[in-house]
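Coordinates from protein24.cif are shown below (mmCIF, C-alpha atoms).
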data_final
#
loop_
_atom_site.label_atom_id
_atom_site.label_comp_id
_atom_site.auth_asym_id
_atom_site.auth_seq_id
_atom_site.Cartn_x
_atom_site.Cartn_y
_atom_site.Cartn_z
CA MET W 84 69.85 60.03 199.96
CA THR W 85 69.91 63.81 200.29
CA THR W 86 69.27 65.93 197.22
CA SER W 87 70.64 69.45 197.16
CA VAL W 88 68.54 72.45 196.17
CA SER W 89 70.92 73.02 193.26
CA ALA W 90 70.41 69.48 191.96
CA VAL W 91 66.63 69.85 192.25
CA SER W 92 66.65 73.16 190.38
CA THR W 93 68.95 71.71 187.70
CA GLU W 94 66.62 68.75 187.28
CA ALA W 95 63.58 71.04 187.14
CA THR W 96 65.27 73.31 184.61
CA ILE W 97 66.13 70.37 182.37
CA SER W 98 62.59 68.97 182.66
CA ARG W 99 61.12 72.35 181.69
CA ILE W 100 63.43 72.63 178.68
CA VAL W 101 62.58 69.08 177.54
CA ALA W 102 58.86 69.72 177.98
CA ALA W 103 59.08 72.77 175.72
CA GLN W 104 60.64 70.60 172.97
CA ARG W 105 58.53 67.48 173.52
CA GLY W 106 56.91 66.21 170.36
CA ARG W 107 59.52 67.76 168.07
CA ARG W 108 61.52 65.43 165.93
CA GLY W 109 65.16 64.98 167.01
CA PRO W 110 65.23 67.74 169.64
CA LEU W 111 68.45 66.73 171.44
CA LEU W 112 70.72 69.42 169.97
CA GLU W 113 68.21 72.19 170.62
CA ILE W 114 67.68 70.92 174.16
CA LEU W 115 71.42 70.75 174.85
CA HIS W 116 71.87 74.31 173.58
CA ALA W 117 69.01 75.49 175.79
CA VAL W 118 70.43 73.67 178.84
CA GLN W 119 73.82 75.24 178.30
CA ALA W 120 72.31 78.68 177.71
CA GLU W 121 70.41 78.47 180.97
CA LEU W 122 72.90 76.63 183.20
CA GLY W 123 76.13 77.77 181.57
CA HIS W 124 77.17 74.19 180.82
CA VAL W 125 75.76 70.68 180.41
CA PRO W 126 76.26 69.11 183.84
CA ASP W 127 76.94 65.39 184.21
CA GLU W 128 73.54 64.78 185.79
CA ALA W 129 71.87 66.21 182.69
CA ILE W 130 73.08 63.33 180.53
CA ALA W 131 71.23 60.63 182.47
CA GLN W 132 68.12 62.78 182.83
CA LEU W 133 68.02 63.66 179.13
CA ALA W 134 68.52 60.03 178.20
CA ARG W 135 65.55 59.06 180.41
CA GLU W 136 63.27 61.86 179.25
CA LEU W 137 64.07 61.47 175.55
CA ASN W 138 64.17 57.67 175.57
CA LEU W 139 67.80 57.61 174.44
CA SER W 140 70.79 55.80 175.82
CA ARG W 141 73.26 57.67 178.01
CA ALA W 142 75.88 56.85 175.39
CA ASP W 143 73.79 58.63 172.73
CA VAL W 144 73.51 61.81 174.79
CA HIS W 145 77.12 61.69 175.97
CA GLY W 146 78.26 61.13 172.37
CA VAL W 147 76.54 64.29 171.19
CA VAL W 148 77.82 66.39 174.12
CA SER W 149 81.39 65.17 173.66
CA PHE W 150 81.37 65.40 169.85
CA TYR W 151 80.39 69.07 169.59
CA HIS W 152 83.03 71.42 170.95
CA ASP W 153 80.45 74.09 171.79
CA PHE W 154 79.07 72.07 174.68
CA ARG W 155 80.81 72.53 178.01
CA ARG W 156 80.79 69.91 180.76
CA GLU W 157 81.87 72.47 183.38
CA PRO W 158 80.96 76.12 183.84
CA ALA W 159 83.01 78.56 181.77
CA GLY W 160 85.01 81.37 183.29
CA ARG W 161 83.68 84.90 183.56
CA THR W 162 85.36 85.62 180.20
CA THR W 163 85.56 83.13 177.34
CA VAL W 164 88.36 83.50 174.80
CA ARG W 165 88.09 81.39 171.66
CA ILE W 166 91.14 81.17 169.41
CA CYS W 167 90.57 80.14 165.79
CA ARG W 168 92.73 77.22 164.66
CA ALA W 169 91.37 76.86 161.10
CA GLU W 170 93.74 76.86 158.16
CA ALA W 171 93.68 80.58 157.38
CA CYS W 172 94.31 81.57 160.98
CA GLN W 173 96.93 78.83 161.38
CA ALA W 174 98.80 80.23 158.39
CA LEU W 175 98.76 83.68 159.97
CA GLY W 176 100.00 82.74 163.44
CA ALA W 177 97.25 81.12 165.50
CA ASP W 178 99.77 78.72 167.06
CA ALA W 179 101.61 81.66 168.57
CA LEU W 180 98.36 82.95 170.07
CA VAL W 181 97.59 79.59 171.66
CA THR W 182 101.12 79.38 173.05
CA HIS W 183 100.90 82.94 174.36
CA ALA W 184 97.56 82.31 176.09
CA HIS W 185 98.93 79.11 177.64
CA GLU W 186 102.06 80.85 178.93
CA ARG W 187 100.15 83.91 180.14
CA LEU W 188 97.40 82.00 181.98
CA GLY W 189 99.05 78.66 182.68
CA ILE W 190 96.20 76.68 181.12
CA PRO W 191 95.87 74.82 177.82
CA PRO W 192 92.90 75.33 175.47
CA GLY W 193 89.72 73.82 176.83
CA ARG W 194 90.45 74.81 180.44
CA THR W 195 89.47 77.56 182.86
CA THR W 196 91.83 79.40 185.17
CA ALA W 197 91.70 78.27 188.81
CA ASP W 198 90.11 81.57 189.85
CA GLY W 199 87.31 81.14 187.28
CA ALA W 200 88.28 84.31 185.44
CA VAL W 201 89.03 83.01 181.94
CA THR W 202 88.20 80.01 179.81
CA VAL W 203 90.36 79.51 176.72
CA GLU W 204 88.96 77.44 173.88
CA GLN W 205 90.15 76.61 170.41
CA VAL W 206 87.65 76.59 167.56
CA PHE W 207 88.01 75.59 163.96
CA CYS W 208 86.60 78.62 162.20
CA LEU W 209 85.15 81.89 163.37
CA GLY W 210 84.24 82.92 159.83
CA ASN W 211 86.69 85.81 159.90
CA CYS W 212 89.33 84.26 157.63
CA ALA W 213 90.25 87.44 155.76
CA LEU W 214 91.25 89.07 159.04
CA GLY W 215 93.11 86.19 160.66
CA PRO W 216 94.35 85.24 163.02
CA SER W 217 91.07 85.75 164.82
CA VAL W 218 89.85 85.35 168.37
CA GLN W 219 86.47 85.75 169.97
CA VAL W 220 86.10 87.29 173.40
CA ASP W 221 82.66 86.77 174.96
CA GLY W 222 81.09 86.55 171.53
CA GLU W 223 82.89 89.53 169.96
CA THR W 224 85.10 88.47 167.05
CA LEU W 225 88.40 90.30 166.74
CA GLY W 226 90.69 89.98 163.72
CA ARG W 227 94.36 90.53 163.00
CA MET W 228 95.11 89.45 166.55
CA THR W 229 98.64 89.70 167.85
CA ALA W 230 100.15 88.12 170.94
CA GLU W 231 100.50 91.60 172.45
CA ARG W 232 96.82 92.47 171.90
CA LEU W 233 95.77 89.05 173.17
CA GLY W 234 97.92 89.54 176.28
CA THR W 235 96.14 92.83 176.99
CA LEU W 236 92.73 91.18 176.56
CA LEU W 237 93.73 88.32 178.88
CA ASP W 238 95.05 90.73 181.51
CA GLU W 239 91.79 92.70 181.39
CA ALA W 240 89.78 89.50 181.74
CA VAL W 241 91.77 88.32 184.74
CA SER W 242 91.42 91.66 186.51
CA ALA W 243 87.68 92.00 185.77
#

So, in terms of structure tokens, how does the structure I just supplied come out?
Amino acid sequence: MTTSVSAVSTEATISRIVAAQRGRRGPLLEILHAVQAELGHVPDEAIAQLARELNLSRADVHGVVSFYHDFRREPAGRTTVRICRAEACQALGADALVTHAHERLGIPPGRTTADGAVTVEQVFCLGNCALGPSVQVDGETLGRMTAERLGTLLDEAVSA
């Protein structure tokens, strides 16, 4: 069996992150956040390795990764656009923003464009309710979003 350099470095990265948290009580969430921060996502091979190193079942680790929407199983695009779908934003037109992003990019929420330029995600509160509908572009929260403004942001992200 041949192991790629990438797989070895991923395994080493995960081992280093686990070692830094070893001895702490219930470290899985912190470890998953650290893995994603360093690798950009939680790769499939991380689930089995984390289960082994933390003495958990694969189902336990997979359950946590799949339950929390912040964890990605694949690398995100160069730009990440998060559209708030909580009640306040829904009441102010979030559905139209989701539809516009889908039509503009040809991808539904939770996907990345084929060229790797943009990942569109839906979230259920950005904490910007008074200025809804809100979106977040690479961590910057923007309120009172319109389909026109969103289209401009998406076009800029694709051309970046």

Please list as a VMD selection string every residue within 10 Å of Ala102 in chain W, counting all atoms listed in the file and excluding residues in the same chain fewer than 5 positions away. chain W and resid 96 to 97 114 136

Find the distance between CA of His185 in chain W and CA of Val203 in chain W and write it in Å to one decimal. 8.6 Å

Selected by the PyMOL selection byres ((chain W and resi 209) around 10) in the shown coordinates: which residues, as number ranges by chain? W: 165-169, 172, 206-208, 210-212, 215-219, 224-226

Please write the residues picked by the PyMOL selection byres ((chain W and resi 190-201) around 12) on this file as a ChimeraX atom specification. /W:152-168,178,180-189,202-206,220-221,236-243

With 4 Å on each side, where is the centre of the axis-aligned box around all listed atoms of range 115-126 of chain W, and how long are its edges in Å to one decimal, as lines of an AutoDock Vina configuration file?
center_x = 73.1
center_y = 73.9
center_z = 178.7
size_x = 16.2
size_y = 17.6
size_z = 18.3

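Candidate residues W:Val148, W:Met228, W:Leu214, W:Leu233 were compared for distance to His116 in chain W, and the nearest is W:Val148, using all atoms listed in the file.
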
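Those residues that approach Thr93 in chain W to within 9 Å, counting all atoms listed in the file, are Val88, Ser89, Ala90, Thr96, Ile97, Ser98, Leu122, Pro126, Glu128 and Ala129 of chain W; same-chain residues fewer than 3 positions away are not listed.
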
Atoms to include: C-alpha atoms. Write the selected residues as a short mmCIF file (atom, residue, chain, number, x, y, z; two decimals), keeping the file's coordinate frame.
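Dumped to selection_10.cif:
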data_model
loop_
_atom_site.label_atom_id
_atom_site.label_comp_id
_atom_site.auth_asym_id
_atom_site.auth_seq_id
_atom_site.Cartn_x
_atom_site.Cartn_y
_atom_site.Cartn_z
CA VAL W 88 68.54 72.45 196.17
CA SER W 89 70.92 73.02 193.26
CA ALA W 90 70.41 69.48 191.96
CA THR W 96 65.27 73.31 184.61
CA ILE W 97 66.13 70.37 182.37
CA SER W 98 62.59 68.97 182.66
CA LEU W 122 72.90 76.63 183.20
CA PRO W 126 76.26 69.11 183.84
CA GLU W 128 73.54 64.78 185.79
CA ALA W 129 71.87 66.21 182.69
#

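Each of W:Arg135, W:Ser92, W:Val125, W:Gly234 was checked against Tyr151 in chain W using only C-alpha atoms; the smallest atom-to-atom distance is that of W:Val125.
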